[in-house]
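Structure record follows, encoded as structure tokens.
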Amino acid sequence: MSEYRKPLPPINHLSRPFWEATKQGRLILPRCNHCGTFHTYFEPWCSTCGEEGVHFEELSGRGKIWTNCRFHRSYFSGMEESLPYNVAMVELDEGPRLMTNIVGLEHGTLDEMPIGMEVEAVFESVTDEVTLVKFRPVRK
Ligand SMILES: [Zn+2]
């Protein structure tokens, strides 16, 4: 595997289950034991109801593009070589929204990834520790 120069997520005891699952091609997220809200952050507490206690639950990996944009400037070290690149917020079928990239497009332009387009998770291994979750259009 060639050296990966883009930013990598911090992995700690709270986020490790998520990153272990992505290595297996599974998408899981923390869910509040009390109110059932899915979290896209790794904390032992819930920002919706204020209670402590979460567990991980597997998601379908399917959703729709909720919003999109294209970066023409590098704000993060290592991203220069990928400019311009797209960033999207995907709303999963189960409700939570993930910040991600859309892959599998011909040119990666915004008209290829309109808001509302159905997408599915793909898993991109970038280091021994980290497999990123990205999304591609659902093929019909
Ligand atoms: Zn809660």
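FYI, nothing fancy with the structure tokens labels: chains A, B, ... in order, residues from 1 per chain, ligands from 1 as they appear.
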
Each residue of chain A lying at most 6 Å from ligand 1 should get a row with its shortest atom-to-atom pair and the distance in Å to one decimal, counting only C-alpha atoms and all ligand atoms; could you produce that, ordered by chain and increasing number, as JSON lines?
{"residue": "A:Cys32", "atom": "CA", "partner": "ligand 1", "partner_atom_place_in_ligand_line": "1 (Zn)", "distance": 4.6}
{"residue": "A:His34", "atom": "CA", "partner": "ligand 1", "partner_atom_place_in_ligand_line": "1 (Zn)", "distance": 5.1}
{"residue": "A:Cys35", "atom": "CA", "partner": "ligand 1", "partner_atom_place_in_ligand_line": "1 (Zn)", "distance": 4.1}
{"residue": "A:Gly36", "atom": "CA", "partner": "ligand 1", "partner_atom_place_in_ligand_line": "1 (Zn)", "distance": 5.9}
{"residue": "A:Thr37", "atom": "CA", "partner": "ligand 1", "partner_atom_place_in_ligand_line": "1 (Zn)", "distance": 5.6}
{"residue": "A:Cys46", "atom": "CA", "partner": "ligand 1", "partner_atom_place_in_ligand_line": "1 (Zn)", "distance": 4.6}
{"residue": "A:Thr48", "atom": "CA", "partner": "ligand 1", "partner_atom_place_in_ligand_line": "1 (Zn)", "distance": 5.1}
{"residue": "A:Cys49", "atom": "CA", "partner": "ligand 1", "partner_atom_place_in_ligand_line": "1 (Zn)", "distance": 4.1}
{"residue": "A:Glu51", "atom": "CA", "partner": "ligand 1", "partner_atom_place_in_ligand_line": "1 (Zn)", "distance": 5.8}

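For stretch 11-107 of chain A, the set of residues given helix (DSSP H, G or I) by DSSP on the backbone reads Arg16, Pro17, Phe18, Trp19, Glu20, Ala21, Thr22, Lys23, Glu80, Glu81 and Ser82 of chain A.
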
Next item on the list: Just the residues within 9 Å of A:Glu118, please, counting only C-alpha atoms, with nothing from its chain fewer than 3 positions along; format it as a ChimeraX atom specification.
Entry: /A:62-65,115,136-139

Write a file of the selected residues as a PDB file, in the first residue's frame, keeping N, CA and C atoms.
ATOM      1  N   ARG A  62     -27.338   2.523   3.036  1.00  0.00           N
ATOM      2  CA  ARG A  62     -28.024   3.171   1.908  1.00  0.00           C
ATOM      3  C   ARG A  62     -28.622   4.497   2.358  1.00  0.00           C
ATOM      4  N   GLY A  63     -28.648   5.445   1.433  1.00  0.00           N
ATOM      5  CA  GLY A  63     -29.211   6.743   1.762  1.00  0.00           C
ATOM      6  C   GLY A  63     -29.308   7.624   0.539  1.00  0.00           C
ATOM      7  N   LYS A  64     -29.470   8.922   0.799  1.00  0.00           N
ATOM      8  CA  LYS A  64     -29.600   9.901  -0.286  1.00  0.00           C
ATOM      9  C   LYS A  64     -28.685  11.082  -0.019  1.00  0.00           C
ATOM     10  N   ILE A  65     -28.231  11.717  -1.083  1.00  0.00           N
ATOM     11  CA  ILE A  65     -27.423  12.928  -0.915  1.00  0.00           C
ATOM     12  C   ILE A  65     -28.323  14.029  -0.362  1.00  0.00           C
ATOM     13  N   ILE A 115     -28.637  16.519  -5.246  1.00  0.00           N
ATOM     14  CA  ILE A 115     -29.334  16.323  -3.970  1.00  0.00           C
ATOM     15  C   ILE A 115     -30.514  15.385  -4.209  1.00  0.00           C
ATOM     16  N   ARG A 136     -21.330   5.694  -3.262  1.00  0.00           N
ATOM     17  CA  ARG A 136     -21.412   5.698  -4.726  1.00  0.00           C
ATOM     18  C   ARG A 136     -22.881   5.657  -5.120  1.00  0.00           C
ATOM     19  N   PRO A 137     -23.178   6.103  -6.344  1.00  0.00           N
ATOM     20  CA  PRO A 137     -24.573   6.031  -6.790  1.00  0.00           C
ATOM     21  C   PRO A 137     -25.072   4.588  -6.787  1.00  0.00           C
ATOM     22  N   VAL A 138     -26.336   4.411  -6.416  1.00  0.00           N
ATOM     23  CA  VAL A 138     -26.954   3.079  -6.477  1.00  0.00           C
ATOM     24  C   VAL A 138     -27.203   2.760  -7.945  1.00  0.00           C
ATOM     25  N   ARG A 139     -26.692   1.633  -8.405  1.00  0.00           N
ATOM     26  CA  ARG A 139     -26.905   1.201  -9.799  1.00  0.00           C
ATOM     27  C   ARG A 139     -28.260   0.519  -9.896  1.00  0.00           C
TER      28      ARG A 139
END

Notebook entry, point to check: If you measure from atom CA of A:Gly116 to atom CA of A:Phe76, what distance in Å do you get, rounded to one decimal?
Noted result: 27.7 Å

Per residue of stretch 48-89 of chain A within 7 Å of stretch 2-7 of chain A, note the shortest atom pair and the distance in Å to one decimal, counting only C-alpha atoms, and order the rows by chain and increasing residue number, as JSON lines.
{"residue": "A:Ser77", "atom": "CA", "partner": "A:Lys6", "partner_atom": "CA", "distance": 6.5}
{"residue": "A:Gly78", "atom": "CA", "partner": "A:Lys6", "partner_atom": "CA", "distance": 4.5}
{"residue": "A:Met79", "atom": "CA", "partner": "A:Lys6", "partner_atom": "CA", "distance": 5.9}

Note to self: Need to verify the contact set: A:Leu14, 10 Å, only C-alpha atoms, exclusion of same-chain residues closer than 3 positions in sequence. Can you return it as a list in words?
What the structure shows: Ile11, Pro17, Phe18, Pro30, Tyr41, Phe42, Glu43 and Pro44 of chain A

Using N, CA and C atoms, can you write the selected residues to a file as a tab-separated table (two decimals), in the first residue's frame?
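Saved the output as part01.tsv:
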chain	number	residue	atom	x	y	z
A	11	ILE	N	-8.32	7.52	16.41
A	11	ILE	CA	-9.05	6.32	16.85
A	11	ILE	C	-8.79	6.13	18.33
A	17	PRO	N	-14.71	0.55	17.72
A	17	PRO	CA	-15.67	-0.40	17.11
A	17	PRO	C	-16.11	0.03	15.70
A	18	PHE	N	-16.30	1.35	15.49
A	18	PHE	CA	-16.68	1.84	14.17
A	18	PHE	C	-15.62	1.49	13.14
A	30	PRO	N	-22.97	4.67	16.81
A	30	PRO	CA	-23.47	4.64	18.18
A	30	PRO	C	-24.93	5.08	18.20
A	41	TYR	N	-20.99	11.10	16.21
A	41	TYR	CA	-19.82	11.44	17.02
A	41	TYR	C	-19.62	10.31	18.01
A	42	PHE	N	-18.41	10.22	18.56
A	42	PHE	CA	-18.10	9.11	19.46
A	42	PHE	C	-17.92	9.64	20.87
A	43	GLU	N	-19.00	9.69	21.61
A	43	GLU	CA	-19.00	10.12	23.01
A	43	GLU	C	-19.92	9.17	23.78
A	44	PRO	N	-19.70	9.05	25.09
A	44	PRO	CA	-20.54	8.13	25.86
A	44	PRO	C	-21.90	8.73	26.21

Next item on the list: List every residue of stretch 50-118 of chain A that DSSP, applied to the backbone of this structure, assigns to strand (DSSP E), and report them as number ranges by chain.
Entry: A: 54-58, 62-71, 85-92, 97-100, 118

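Counting only C-alpha atoms and comparing A:Pro84, A:Gly108, A:Pro114, A:Pro96, the residue that lies closest to A:Ile28 is A:Pro96.
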